[in-house]
file entry27.tsv (TSV, C-alpha atoms)
chain	number	residue	atom	x	y	z
A	1	MET	CA	0.00	0.00	0.00
A	2	SER	CA	2.92	2.34	0.70
A	3	SER	CA	4.15	1.97	-2.92
A	4	LEU	CA	0.67	2.96	-4.06
A	5	LEU	CA	0.76	6.01	-1.78
A	6	GLU	CA	4.17	6.97	-3.10
A	7	THR	CA	2.94	6.70	-6.67
A	8	PHE	CA	0.30	9.37	-5.99
A	9	SER	CA	2.51	11.33	-3.59
A	10	LEU	CA	0.22	10.68	-0.63
A	11	THR	CA	0.96	10.15	3.05
A	12	GLU	CA	-0.54	7.72	5.54
A	13	ALA	CA	-2.74	10.51	6.88
A	14	ASP	CA	-4.05	11.07	3.35
A	15	ALA	CA	-4.87	7.39	3.10
A	16	VAL	CA	-7.05	7.67	6.19
A	17	MET	CA	-8.57	11.00	5.12
A	18	ILE	CA	-9.68	9.77	1.69
A	19	PRO	CA	-12.17	7.15	3.00
A	20	LEU	CA	-13.15	9.46	5.85
A	21	GLY	CA	-13.70	12.38	3.39
A	22	THR	CA	-15.72	10.10	1.15
A	23	VAL	CA	-17.93	9.02	4.06
A	24	LEU	CA	-18.30	12.65	5.22
A	25	PHE	CA	-19.11	13.75	1.62
A	26	PHE	CA	-21.89	11.15	1.36
A	27	CYS	CA	-23.22	12.11	4.81
A	28	LEU	CA	-23.22	15.80	3.81
A	29	TYR	CA	-24.83	14.96	0.48
A	30	ARG	CA	-27.51	12.89	2.24
A	31	ALA	CA	-28.21	15.68	4.76
A	32	LEU	CA	-28.35	18.34	2.06
A	33	SER	CA	-30.52	16.21	-0.18
A	34	LEU	CA	-33.01	15.69	2.64
A	35	LYS	CA	-33.05	19.38	3.62
A	36	PHE	CA	-32.53	21.19	0.31
A	37	PHE	CA	-32.65	18.90	-2.69
A	38	ALA	CA	-35.75	16.85	-1.75
A	39	PRO	CA	-38.02	19.92	-1.40
A	40	LEU	CA	-36.58	21.31	-4.63
A	41	VAL	CA	-37.16	18.02	-6.43
A	42	ASP	CA	-40.66	17.82	-4.92
A	43	LEU	CA	-41.31	21.40	-6.08
A	44	ILE	CA	-40.10	20.62	-9.59
A	45	GLU	CA	-42.16	17.42	-9.73
A	46	ASP	CA	-45.22	19.28	-8.42
A	47	ARG	CA	-44.72	22.00	-11.03
A	48	GLU	CA	-44.31	19.41	-13.76
A	49	GLN	CA	-47.42	17.60	-12.51
A	50	ARG	CA	-49.40	20.84	-12.55
A	51	THR	CA	-48.12	21.76	-16.00
A	52	THR	CA	-48.83	18.31	-17.39
A	53	GLY	CA	-52.19	18.26	-15.60
A	54	ALA	CA	-53.02	21.71	-16.96
A	55	GLU	CA	-52.05	20.60	-20.46
A	56	LEU	CA	-54.21	17.49	-20.15
A	57	SER	CA	-57.05	19.53	-18.68
A	58	SER	CA	-56.64	22.08	-21.47
A	59	ARG	CA	-56.75	19.36	-24.11
A	60	SER	CA	-59.81	17.84	-22.46
A	61	LEU	CA	-61.53	21.24	-22.38
A	62	GLN	CA	-60.61	21.87	-26.00
A	63	GLU	CA	-62.07	18.51	-26.99
A	64	LYS	CA	-65.26	19.27	-25.06
A	65	ALA	CA	-65.44	22.73	-26.66
A	66	GLN	CA	-65.03	21.16	-30.09
A	67	GLU	CA	-67.81	18.69	-29.30
A	68	VAL	CA	-70.05	21.59	-28.22
A	69	ARG	CA	-69.17	23.50	-31.43
A	70	ASN	CA	-70.00	20.42	-33.50
A	71	ALA	CA	-73.31	19.96	-31.65
A	72	ILE	CA	-74.16	23.64	-32.18
A	73	GLU	CA	-73.27	23.37	-35.86
A	74	VAL	CA	-75.47	20.29	-36.25
A	75	ARG	CA	-78.35	22.00	-34.43
A	76	THR	CA	-77.87	25.10	-36.58
A	77	LEU	CA	-77.99	23.03	-39.76
A	78	ILE	CA	-81.10	21.22	-38.54
A	79	SER	CA	-82.74	24.53	-37.60
A	80	GLU	CA	-81.88	26.03	-40.98
A	81	ALA	CA	-83.34	22.98	-42.74
A	82	GLU	CA	-86.50	23.20	-40.64
A	83	ALA	CA	-86.76	26.94	-41.32
A	84	GLN	CA	-86.28	26.31	-45.04
A	85	THR	CA	-89.00	23.66	-44.96
A	86	ALA	CA	-91.32	26.01	-43.07
A	87	ARG	CA	-90.61	28.81	-45.58
A	88	LYS	CA	-91.38	26.43	-48.44
A	89	GLN	CA	-94.64	25.36	-46.82
A	90	ILE	CA	-95.62	29.00	-46.24
A	91	LEU	CA	-94.80	29.88	-49.84
A	92	ASP	CA	-96.74	26.87	-51.13
A	93	SER	CA	-99.79	27.76	-49.05
A	94	ALA	CA	-99.48	31.41	-50.15
A	95	ARG	CA	-99.30	30.30	-53.78
A	96	GLN	CA	-102.39	28.14	-53.33
A	97	GLU	CA	-104.21	31.04	-51.68
A	98	VAL	CA	-103.18	33.39	-54.49
A	99	ILE	CA	-104.36	30.86	-57.07
A	100	SER	CA	-107.73	30.52	-55.33
A	101	ILE	CA	-108.06	34.33	-55.03
A	102	ILE	CA	-107.19	34.78	-58.70
A	103	SER	CA	-109.62	32.01	-59.68
A	104	ALA	CA	-112.41	33.62	-57.64
A	105	ALA	CA	-111.56	37.03	-59.13
A	106	GLU	CA	-111.64	35.58	-62.65
A	107	LYS	CA	-115.03	33.97	-61.97
A	108	THR	CA	-116.35	37.24	-60.55
A	109	ALA	CA	-114.94	39.20	-63.49
A	110	ALA	CA	-116.49	36.71	-65.95
A	111	ALA	CA	-119.88	37.01	-64.20
A	112	ILE	CA	-119.68	40.83	-64.22
A	113	LEU	CA	-118.60	40.80	-67.87
A	114	GLN	CA	-121.47	38.50	-68.82
A	115	GLU	CA	-123.92	40.69	-66.88
A	116	LYS	CA	-122.61	43.86	-68.55
A	117	ARG	CA	-122.74	42.19	-71.97
A	118	ALA	CA	-126.36	41.25	-71.33
A	119	GLU	CA	-127.08	44.83	-70.28
A	120	LEU	CA	-125.33	46.15	-73.39
A	121	ASP	CA	-127.20	43.69	-75.58
A	122	GLY	CA	-130.47	44.92	-74.05
A	123	GLU	CA	-129.41	48.54	-74.50
A	124	TYR	CA	-128.33	47.79	-78.07
A	125	GLU	CA	-131.67	46.15	-78.80
A	126	ARG	CA	-133.57	49.10	-77.26
A	127	ILE	CA	-131.52	51.62	-79.26
A	128	ARG	CA	-131.96	49.55	-82.43
A	129	GLU	CA	-135.71	49.33	-81.97
A	130	HIS	CA	-135.87	53.04	-81.19
A	131	THR	CA	-133.74	53.83	-84.25
A	132	ILE	CA	-135.85	51.58	-86.47
A	133	SER	CA	-139.06	53.16	-85.21
A	134	SER	CA	-137.57	56.65	-85.67
A	135	VAL	CA	-136.42	55.78	-89.19
A	136	GLU	CA	-139.87	54.38	-89.96
A	137	GLU	CA	-141.52	57.57	-88.69
A	138	ILE	CA	-139.14	59.71	-90.73
A	139	ALA	CA	-139.68	57.53	-93.78
A	140	TYR	CA	-143.45	57.75	-93.31
A	141	ALA	CA	-143.25	61.52	-92.92
A	142	VAL	CA	-141.10	61.85	-96.05
A	143	ALA	CA	-143.38	59.59	-98.00
A	144	THR	CA	-146.40	61.55	-96.82
A	145	ARG	CA	-144.81	64.82	-97.81
A	146	LEU	CA	-143.85	63.44	-101.16
A	147	ARG	CA	-147.37	62.30	-101.81
A	148	GLU	CA	-148.95	65.46	-100.56
A	149	PRO	CA	-146.60	68.34	-101.12
A	150	SER	CA	-147.29	71.41	-99.08
A	151	ASP	CA	-146.33	75.00	-99.64
A	152	GLU	CA	-144.36	75.44	-96.51
A	153	PHE	CA	-141.52	73.24	-97.83
A	154	PHE	CA	-141.21	74.98	-101.20
A	155	SER	CA	-139.59	78.29	-101.18
A	156	VAL	CA	-140.56	80.89	-103.73
A	157	HIS	CA	-137.87	82.83	-105.61

call {"tool": "encode", "arguments": {"input": "entry27.tsv", "output": "structure tokens"}}
result
Amino acid sequence: MSSLLETFSLTEADAVMIPLGTVLFFCLYRALSLKFFAPLVDLIEDREQRTTGAELSSRSLQEKAQEVRNAIEVRTLISEAEAQTARKQILDSARQEVISIISAAEKTAAAILQEKRAELDGEYERIREHTISSVEEIAYAVATRLREPSDEFFSVH
């Protein structure tokens, strides 16, 4: 052992101090790790756990938010389809109502037109008969005057 000590230029006191220093170093390390390093490691692990937990929680919340967005989008599409169907039904019923109103108006207009035509035909017939009777009276008067000339129609020059 002395040749080994001489190789490294150590004394017998150094040979005793090396194992003793090693034991003291490990005792100091153990004491410091219990007092200083363990709380620091616990703090780092707690921080990592919170960060990882927050990330997982954030991902979970994002997934739930996406599910809610998808559900809202589906409900919106369904509502739009229902609204479109309701609009179409309203338009169809309005068209049917317009068709029935127009049909009733056409029937009323046809009845009024027929009534007015009948009135005009009656008026035409009355005017025709009146004209014929007036023409007959005028023709009779002319014929009478031609057969019996009078002096009042002949002017003297």

call {"tool": "atom_distance", "arguments": {"input": "entry27.tsv", "atom1": "CA of Ala94 in chain A", "atom2": "CA of Glu82 in chain A"}}
result
18.1 Å

call {"tool": "atom_distance", "arguments": {"input": "entry27.tsv", "atom1": "CA of Pro19 in chain A", "atom2": "CA of Leu32 in chain A"}}
result
19.7 Å

call {"tool": "atom_distance", "arguments": {"input": "entry27.tsv", "atom1": "CA of Leu91 in chain A", "atom2": "CA of Arg75 in chain A"}}
result
23.9 Å

call {"tool": "build_atoms", "arguments": {"input": "entry27.tsv", "residues": "range 51-62 of chain A", "atoms": "all heavy atoms", "output": "PDB file, keeping the file's coordinate frame"}}
result
ATOM      1  N   THR A  51     -48.220  21.392 -14.588  1.00  0.00           N
ATOM      2  CA  THR A  51     -48.120  21.760 -16.000  1.00  0.00           C
ATOM      3  C   THR A  51     -48.708  20.674 -16.873  1.00  0.00           C
ATOM      4  O   THR A  51     -49.515  20.941 -17.762  1.00  0.00           O
ATOM      5  CB  THR A  51     -46.644  22.014 -16.380  1.00  0.00           C
ATOM      6  OG1 THR A  51     -46.107  22.995 -15.506  1.00  0.00           O
ATOM      7  CG2 THR A  51     -46.523  22.479 -17.798  1.00  0.00           C
ATOM      8  N   THR A  52     -48.309  19.438 -16.616  1.00  0.00           N
ATOM      9  CA  THR A  52     -48.830  18.310 -17.390  1.00  0.00           C
ATOM     10  C   THR A  52     -50.328  18.179 -17.163  1.00  0.00           C
ATOM     11  O   THR A  52     -51.087  17.970 -18.124  1.00  0.00           O
ATOM     12  CB  THR A  52     -48.112  17.006 -16.983  1.00  0.00           C
ATOM     13  OG1 THR A  52     -46.710  17.186 -17.121  1.00  0.00           O
ATOM     14  CG2 THR A  52     -48.564  15.851 -17.836  1.00  0.00           C
ATOM     15  N   GLY A  53     -50.763  18.327 -15.905  1.00  0.00           N
ATOM     16  CA  GLY A  53     -52.190  18.260 -15.600  1.00  0.00           C
ATOM     17  C   GLY A  53     -52.957  19.383 -16.292  1.00  0.00           C
ATOM     18  O   GLY A  53     -54.053  19.170 -16.808  1.00  0.00           O
ATOM     19  N   ALA A  54     -52.359  20.571 -16.290  1.00  0.00           N
ATOM     20  CA  ALA A  54     -53.020  21.710 -16.960  1.00  0.00           C
ATOM     21  C   ALA A  54     -53.095  21.462 -18.461  1.00  0.00           C
ATOM     22  O   ALA A  54     -54.104  21.782 -19.099  1.00  0.00           O
ATOM     23  CB  ALA A  54     -52.268  23.001 -16.654  1.00  0.00           C
ATOM     24  N   GLU A  55     -52.031  20.910 -19.033  1.00  0.00           N
ATOM     25  CA  GLU A  55     -52.050  20.600 -20.460  1.00  0.00           C
ATOM     26  C   GLU A  55     -53.128  19.562 -20.773  1.00  0.00           C
ATOM     27  O   GLU A  55     -53.877  19.700 -21.747  1.00  0.00           O
ATOM     28  CB  GLU A  55     -50.684  20.096 -20.918  1.00  0.00           C
ATOM     29  CG  GLU A  55     -49.627  21.164 -20.994  1.00  0.00           C
ATOM     30  CD  GLU A  55     -48.249  20.599 -21.327  1.00  0.00           C
ATOM     31  OE1 GLU A  55     -48.119  19.366 -21.440  1.00  0.00           O
ATOM     32  OE2 GLU A  55     -47.318  21.404 -21.469  1.00  0.00           O
ATOM     33  N   LEU A  56     -53.195  18.518 -19.941  1.00  0.00           N
ATOM     34  CA  LEU A  56     -54.210  17.490 -20.150  1.00  0.00           C
ATOM     35  C   LEU A  56     -55.611  18.071 -19.963  1.00  0.00           C
ATOM     36  O   LEU A  56     -56.529  17.781 -20.744  1.00  0.00           O
ATOM     37  CB  LEU A  56     -53.989  16.315 -19.196  1.00  0.00           C
ATOM     38  CG  LEU A  56     -52.728  15.471 -19.441  1.00  0.00           C
ATOM     39  CD1 LEU A  56     -52.589  14.425 -18.337  1.00  0.00           C
ATOM     40  CD2 LEU A  56     -52.772  14.821 -20.805  1.00  0.00           C
ATOM     41  N   SER A  57     -55.754  18.888 -18.928  1.00  0.00           N
ATOM     42  CA  SER A  57     -57.050  19.530 -18.680  1.00  0.00           C
ATOM     43  C   SER A  57     -57.408  20.455 -19.841  1.00  0.00           C
ATOM     44  O   SER A  57     -58.557  20.500 -20.278  1.00  0.00           O
ATOM     45  CB  SER A  57     -56.994  20.311 -17.372  1.00  0.00           C
ATOM     46  OG  SER A  57     -58.182  21.018 -17.172  1.00  0.00           O
ATOM     47  N   SER A  58     -56.412  21.181 -20.340  1.00  0.00           N
ATOM     48  CA  SER A  58     -56.640  22.080 -21.470  1.00  0.00           C
ATOM     49  C   SER A  58     -57.050  21.292 -22.710  1.00  0.00           C
ATOM     50  O   SER A  58     -57.990  21.675 -23.409  1.00  0.00           O
ATOM     51  CB  SER A  58     -55.370  22.878 -21.765  1.00  0.00           C
ATOM     52  OG  SER A  58     -55.487  23.604 -22.946  1.00  0.00           O
ATOM     53  N   ARG A  59     -56.383  20.197 -22.966  1.00  0.00           N
ATOM     54  CA  ARG A  59     -56.750  19.360 -24.110  1.00  0.00           C
ATOM     55  C   ARG A  59     -58.170  18.818 -23.951  1.00  0.00           C
ATOM     56  O   ARG A  59     -58.945  18.791 -24.904  1.00  0.00           O
ATOM     57  CB  ARG A  59     -55.761  18.206 -24.260  1.00  0.00           C
ATOM     58  CG  ARG A  59     -54.434  18.630 -24.809  1.00  0.00           C
ATOM     59  CD  ARG A  59     -53.531  17.445 -25.070  1.00  0.00           C
ATOM     60  NE  ARG A  59     -52.161  17.901 -25.275  1.00  0.00           N
ATOM     61  CZ  ARG A  59     -51.099  17.377 -24.726  1.00  0.00           C
ATOM     62  NH1 ARG A  59     -51.229  16.329 -23.933  1.00  0.00           N
ATOM     63  NH2 ARG A  59     -49.895  17.856 -24.957  1.00  0.00           N
ATOM     64  N   SER A  60     -58.472  18.367 -22.729  1.00  0.00           N
ATOM     65  CA  SER A  60     -59.810  17.840 -22.460  1.00  0.00           C
ATOM     66  C   SER A  60     -60.860  18.929 -22.678  1.00  0.00           C
ATOM     67  O   SER A  60     -61.896  18.682 -23.302  1.00  0.00           O
ATOM     68  CB  SER A  60     -59.873  17.326 -21.023  1.00  0.00           C
ATOM     69  OG  SER A  60     -61.186  16.970 -20.687  1.00  0.00           O
ATOM     70  N   LEU A  61     -60.591  20.133 -22.182  1.00  0.00           N
ATOM     71  CA  LEU A  61     -61.530  21.240 -22.380  1.00  0.00           C
ATOM     72  C   LEU A  61     -61.657  21.621 -23.847  1.00  0.00           C
ATOM     73  O   LEU A  61     -62.753  21.935 -24.324  1.00  0.00           O
ATOM     74  CB  LEU A  61     -61.102  22.450 -21.546  1.00  0.00           C
ATOM     75  CG  LEU A  61     -61.264  22.319 -20.030  1.00  0.00           C
ATOM     76  CD1 LEU A  61     -60.683  23.532 -19.325  1.00  0.00           C
ATOM     77  CD2 LEU A  61     -62.723  22.127 -19.659  1.00  0.00           C
ATOM     78  N   GLN A  62     -60.552  21.572 -24.570  1.00  0.00           N
ATOM     79  CA  GLN A  62     -60.610  21.870 -26.000  1.00  0.00           C
ATOM     80  C   GLN A  62     -61.436  20.826 -26.740  1.00  0.00           C
ATOM     81  O   GLN A  62     -62.214  21.166 -27.634  1.00  0.00           O
ATOM     82  CB  GLN A  62     -59.194  21.946 -26.587  1.00  0.00           C
ATOM     83  CG  GLN A  62     -58.438  23.192 -26.211  1.00  0.00           C
ATOM     84  CD  GLN A  62     -57.007  23.185 -26.725  1.00  0.00           C
ATOM     85  OE1 GLN A  62     -56.508  22.166 -27.170  1.00  0.00           O
ATOM     86  NE2 GLN A  62     -56.362  24.332 -26.640  1.00  0.00           N
TER      87      GLN A  62
END
